[in-house]
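As stored in input_30.tsv (TSV, C-alpha atoms):
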chain	number	residue	atom	x	y	z
X	1	MET	CA	25.52	61.09	15.45
X	2	VAL	CA	24.11	62.59	18.59
X	3	ALA	CA	25.06	66.16	19.38
X	4	ILE	CA	26.62	66.30	22.86
X	5	THR	CA	26.45	69.78	24.41
X	6	GLY	CA	25.15	71.07	21.19
X	7	SER	CA	28.07	69.51	19.19
X	8	VAL	CA	27.34	65.68	20.08
X	9	ILE	CA	27.93	59.46	11.85
X	10	GLY	CA	35.48	47.50	-10.61
X	11	ALA	CA	36.13	49.93	-12.51
X	12	GLY	CA	35.85	48.21	-15.83
X	13	ALA	CA	38.80	48.63	-18.07
X	14	THR	CA	37.89	48.31	-21.73
X	15	ILE	CA	40.53	46.39	-23.52
X	16	GLY	CA	40.46	47.27	-27.18
X	17	ALA	CA	42.60	45.40	-29.69
X	18	ALA	CA	44.71	47.69	-31.85
X	19	PHE	CA	43.80	47.40	-35.51
X	20	VAL	CA	46.49	48.14	-38.06
X	21	PRO	CA	45.16	49.07	-41.52
X	22	VAL	CA	46.42	46.66	-44.18
X	23	PHE	CA	46.85	47.95	-47.79
X	24	TRP	CA	47.28	45.34	-50.44
X	25	GLY	CA	49.82	46.28	-53.23
X	26	ASP	CA	48.56	46.38	-56.87
X	27	ASN	CA	51.11	47.08	-59.62
X	28	ASP	CA	48.70	46.50	-62.51
X	29	ASP	CA	49.04	49.60	-64.73
X	30	GLY	CA	46.14	48.60	-66.96
X	31	GLN	CA	48.42	47.66	-69.94
X	32	SER	CA	47.82	43.97	-70.40
X	33	GLY	CA	49.75	43.84	-73.68
X	34	SER	CA	53.10	44.76	-72.23
X	35	SER	CA	55.85	42.25	-73.08
X	36	ALA	CA	57.56	42.74	-69.76
X	37	SER	CA	55.51	42.84	-66.64
X	38	THR	CA	56.64	43.58	-63.16
X	39	PRO	CA	55.77	40.83	-60.72
X	40	SER	CA	53.14	41.83	-58.24
X	41	ALA	CA	54.35	42.34	-54.72
X	42	ALA	CA	53.54	39.44	-52.43
X	43	PRO	CA	50.63	40.23	-50.21
X	44	THR	CA	51.53	41.12	-46.67
X	45	ALA	CA	49.99	38.79	-44.14
X	46	ALA	CA	47.65	40.52	-41.71
X	47	PRO	CA	49.02	40.52	-38.17
X	48	GLU	CA	47.40	38.12	-35.81
X	49	GLN	CA	44.97	39.78	-33.48
X	50	PRO	CA	45.74	39.25	-29.82
X	51	SER	CA	43.36	36.95	-28.10
X	52	ALA	CA	40.74	38.76	-26.08
X	53	ALA	CA	41.78	39.35	-22.53
X	54	PRO	CA	39.33	38.51	-19.74
X	55	SER	CA	36.81	41.28	-19.22
X	56	ALA	CA	37.45	43.48	-16.23
X	57	SER	CA	34.06	45.11	-16.40
X	58	GLN	CA	32.75	43.12	-13.46
X	59	PRO	CA	34.81	43.27	-10.27
X	60	PRO	CA	35.01	40.13	-8.16
X	61	GLN	CA	32.27	39.90	-5.57
X	62	ALA	CA	33.24	40.86	-2.04
X	63	GLN	CA	33.55	37.90	0.24
X	64	LYS	CA	30.44	37.47	2.31
X	65	LYS	CA	30.82	37.88	6.03
X	66	ARG	CA	30.07	35.07	8.40
X	67	TYR	CA	28.10	35.75	11.57
X	68	THR	CA	27.92	33.92	14.86
X	69	VAL	CA	25.67	34.78	17.78
X	70	ALA	CA	27.57	36.59	20.53
X	71	TYR	CA	24.47	36.95	22.71
X	72	ARG	CA	20.74	36.79	22.18
X	73	ASP	CA	17.84	38.66	23.80
X	74	GLN	CA	20.05	40.41	26.34
X	75	ARG	CA	18.21	42.95	28.51
X	76	VAL	CA	19.90	46.37	28.35
X	77	SER	CA	18.80	49.97	28.89
X	78	VAL	CA	19.74	53.64	28.85
X	79	SER	CA	18.58	56.15	31.45
X	80	LEU	CA	18.05	59.88	31.10
X	81	PRO	CA	20.73	61.52	33.25
X	82	ASN	CA	20.36	64.66	35.29
X	83	GLY	CA	21.78	67.95	34.14
X	84	TYR	CA	24.28	67.64	31.33
X	85	GLY	CA	25.20	64.00	31.63
X	86	VAL	CA	24.89	61.20	29.09
X	87	SER	CA	23.93	57.54	29.35
X	88	THR	CA	25.77	55.23	26.95
X	89	LEU	CA	25.30	51.66	25.75
X	90	ASP	CA	28.15	49.65	24.19
X	91	LEU	CA	26.47	46.77	22.36
X	92	ASP	CA	29.69	44.85	21.70
X	93	VAL	CA	30.11	44.06	25.40
X	94	PRO	CA	27.22	44.82	26.24
X	95	ALA	CA	27.69	47.44	28.93
X	96	VAL	CA	25.98	50.61	30.13
X	97	LYS	CA	27.97	53.56	31.42
X	98	ASN	CA	26.58	56.82	32.74
X	99	TYR	CA	28.51	60.09	32.73
X	100	GLY	CA	27.51	62.88	35.07
X	101	ASP	CA	29.11	65.43	32.77
X	102	GLU	CA	29.09	65.27	28.99
X	103	ASP	CA	32.53	66.92	28.90
X	104	VAL	CA	34.00	63.85	30.58
X	105	TYR	CA	32.50	61.63	27.92
X	106	SER	CA	33.68	63.91	25.12
X	107	ALA	CA	37.23	63.87	26.51
X	108	GLU	CA	37.18	60.07	26.72
X	109	ARG	CA	35.97	59.82	23.13
X	110	GLU	CA	38.67	62.20	21.92
X	111	GLU	CA	41.35	60.21	23.73
X	112	SER	CA	40.05	56.98	22.18
X	113	GLN	CA	40.17	58.48	18.70
X	114	LYS	CA	43.74	59.70	19.18
X	115	GLY	CA	44.84	56.25	20.25
X	116	GLY	CA	43.18	54.65	17.23
X	117	LYS	CA	40.98	52.52	19.45
X	118	SER	CA	37.50	51.30	18.63
X	119	SER	CA	35.94	50.93	22.01
X	120	MET	CA	33.30	53.63	22.21
X	121	PRO	CA	29.60	52.97	22.88
X	122	ASP	CA	26.94	52.72	20.22
X	123	LEU	CA	23.72	54.20	21.64
X	124	LEU	CA	23.62	57.51	23.53
X	125	TYR	CA	20.87	59.09	25.62
X	126	PRO	CA	21.96	62.56	26.80
X	127	GLU	CA	19.95	65.09	28.77
X	128	PRO	CA	20.58	68.14	26.55
X	129	GLY	CA	17.66	68.51	24.17
X	130	ALA	CA	15.30	66.81	26.65
X	131	GLY	CA	16.39	63.28	25.91
X	132	ARG	CA	17.78	62.84	22.41
X	133	LEU	CA	18.29	59.15	21.70
X	134	GLY	CA	20.82	58.41	18.98
X	135	VAL	CA	23.96	56.66	17.83
X	136	GLU	CA	27.62	57.53	18.25
X	137	GLU	CA	29.50	59.19	15.44
X	138	GLY	CA	30.37	56.89	12.54
X	139	ARG	CA	27.76	54.23	13.29
X	140	GLN	CA	25.50	52.88	10.55
X	141	ALA	CA	22.00	52.36	11.85
X	142	ALA	CA	18.35	52.16	10.88
X	143	GLN	CA	15.34	53.03	13.03
X	144	LEU	CA	12.65	50.47	12.28
X	145	ASP	CA	9.08	49.73	13.22
X	146	ALA	CA	8.03	46.26	14.32
X	147	SER	CA	8.90	43.71	13.34
X	148	LEU	CA	12.65	43.98	13.01
X	149	PRO	CA	14.77	41.66	10.83
X	150	THR	CA	15.75	38.43	12.52
X	151	SER	CA	18.82	37.54	10.42
X	152	PRO	CA	22.20	39.31	10.68
X	153	GLU	CA	22.43	39.72	6.90
X	154	HIS	CA	19.04	41.43	6.67
X	155	CYS	CA	19.71	43.58	9.73
X	156	ALA	CA	23.12	44.64	8.37
X	157	SER	CA	21.54	45.57	5.04
X	158	LYS	CA	18.98	47.75	6.81
X	159	ALA	CA	21.67	49.42	8.93
X	160	VAL	CA	23.86	50.29	5.95
X	161	THR	CA	21.01	52.05	4.14
X	162	GLY	CA	19.09	53.32	7.17
X	163	GLY	CA	20.75	56.68	7.72
X	164	PHE	CA	19.56	56.99	11.34
X	165	ASP	CA	21.31	59.64	13.41
X	166	SER	CA	19.21	60.71	16.40
X	167	LEU	CA	15.73	61.75	17.45
X	168	SER	CA	14.15	63.65	20.32
X	169	MET	CA	12.18	61.49	22.73
X	170	GLU	CA	10.07	64.41	23.91
X	171	PRO	CA	7.31	63.67	21.38
X	172	TRP	CA	7.68	59.91	22.01
X	173	PRO	CA	8.20	58.92	18.38
X	174	LEU	CA	9.06	55.32	19.28
X	175	ARG	CA	6.82	52.55	20.52
X	176	VAL	CA	7.31	49.19	22.19
X	177	GLY	CA	8.29	46.63	19.57
X	178	SER	CA	10.12	49.12	17.37
X	179	GLY	CA	13.88	49.53	17.50
X	180	PHE	CA	17.15	49.60	15.61
X	181	CYS	CA	19.51	47.61	13.42
X	182	LEU	CA	23.04	48.83	13.93
X	183	ILE	CA	26.63	48.04	12.96
X	184	THR	CA	28.96	48.60	15.90
X	185	ASP	CA	32.47	50.05	15.79
X	186	GLN	CA	33.75	46.46	15.92
X	187	GLY	CA	31.85	45.63	12.73
X	188	ASN	CA	29.30	43.46	14.51
X	189	VAL	CA	25.56	43.58	13.82
X	190	ALA	CA	23.11	44.43	16.59
X	191	ARG	CA	19.33	44.11	16.68
X	192	VAL	CA	17.86	46.29	19.43
X	193	VAL	CA	14.14	46.06	20.22
X	194	ILE	CA	12.36	48.41	22.64
X	195	ASP	CA	10.68	46.46	25.45
X	196	ARG	CA	9.55	49.15	27.84
X	197	PHE	CA	9.53	52.86	28.68
X	198	VAL	CA	9.88	53.88	32.33
X	199	GLY	CA	8.75	57.31	33.54
X	200	GLY	CA	8.08	60.30	31.37
X	201	THR	CA	4.76	61.18	29.78
X	202	ARG	CA	3.43	60.29	26.36
X	203	SER	CA	1.19	63.25	25.70
X	204	ARG	CA	-2.18	62.57	24.06
X	205	GLU	CA	-3.17	66.19	23.70
X	206	ARG	CA	0.03	67.95	22.78
X	207	ALA	CA	2.70	67.39	20.15
X	208	THR	CA	5.29	66.80	22.86
X	209	GLY	CA	5.39	65.12	26.22
X	210	VAL	CA	8.14	64.35	28.69
X	211	ALA	CA	10.96	62.06	27.56
X	212	PRO	CA	11.05	58.65	29.28
X	213	GLU	CA	13.44	58.36	32.20
X	214	ARG	CA	14.61	54.95	31.05
X	215	ILE	CA	14.33	52.99	27.80
X	216	GLU	CA	14.68	49.21	28.10
X	217	PHE	CA	15.73	47.02	25.19
X	218	THR	CA	16.21	43.41	24.23
X	219	ALA	CA	19.42	43.17	22.20
X	220	THR	CA	20.94	40.47	20.01
X	221	LEU	CA	24.48	40.72	18.66
X	222	TRP	CA	25.99	38.78	15.77
X	223	GLN	CA	29.78	38.77	15.64
X	224	ALA	CA	31.18	39.24	12.14
X	225	SER	CA	34.17	37.32	10.81

This structure in structure tokens:
Amino acid sequence: MVAITGSVIGAGATIGAAFVPVFWGDNDDGQSGSSASTPSAAPTAAPEQPSAAPSASQPPQAQKKRYTVAYRDQRVSVSLPNGYGVSTLDLDVPAVKNYGDEDVYSAEREESQKGGKSSMPDLLYPEPGAGRLGVEEGRQAAQLDASLPTSPEHCASKAVTGGFDSLSMEPWPLRVGSGFCLITDQGNVARVVIDRFVGGTRSRERATGVAPERIEFTATLWQAS
């Protein structure tokens, strides 16, 4: 998740059959010459073993999700706000919304969480920290170099294991053609490729430069069902 104002991500059951020890009776006393012998007790039949129950060691496979294209190669962007604002991008819509004050955004997010809604944006680009690009709390995302996966299944797999949170754009760690695979709060899969940086300075001599004023993307969204 991005810190906003310093604060803004079958069991297998072993079924064992019960075995009951069976002792066979033997009344032979070793005196074969005895005129009267006691009949041997009839052998007790061994209890039938219950038929083996189906193994529960392997849980049923989860049903695979189906994906349909909601939009493809949509041009979207986030812009570095002035002061303590934050630029947001909701990929489900898609829609960009800029907040002049991060406190306003934080209050809106808190209200959404109280109401049990899932309508918050996915990518954030706030000013604090000199342009820290990242994802909203609870998102699963992966930051990837070119070229990004082109199928929703592959992109979703990358997002689940990616562990991306945020990064500072001051040192310009990203390049055109790189981007993100992300699962939105609606459960949809987004592929976001960087097309262009506007403004800022990619320093060639120092470890850091000036964060870009705007980052432009081409986004594709697959709706999950």

Please, what is the axis-aligned box for every listed atom of range 92-104 of chain X with 6 Å on each side, as centre and edge lengths in Å to one decimal, as JSON?
{"center_x": 30.0, "center_y": 55.5, "center_z": 28.4, "size_x": 20.0, "size_y": 34.9, "size_z": 25.4}

All residues 8 Å or closer to Asp101 in chain X, all atoms listed in the file, same chain fewer than 2 positions away omitted, as a ChimeraX atom specification
/X:83-86,99,103-105

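When only C-alpha atoms are used to compute distances to Glu170 in chain X, the closest of the residues X:Leu89, X:Leu80, X:Ile194, X:Leu124 turns out to be X:Leu80.
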
List the neighbours of Cys181 in chain X out to 12 Å using only C-alpha atoms; skip same-chain residues closer than 4 positions along the sequence, and give me the result as a PyMOL selection string.
chain X and resi 91+122-123+135+139-164+188-194+219-222

Please, what distance in Å, to one decimal, runs between CA of Pro212 in chain X and CA of Asp73 in chain X?
21.8 Å

Rank nothing, just name the residue among X:Ala95, X:Met169, X:Ile183, X:Ala70 nearest to Arg214 in chain X, using only C-alpha atoms.
X:Met169

Atomic distance CA of Pro171 in chain X - CA of Ser203 in chain X, expressed in Å with one decimal
7.5 Å
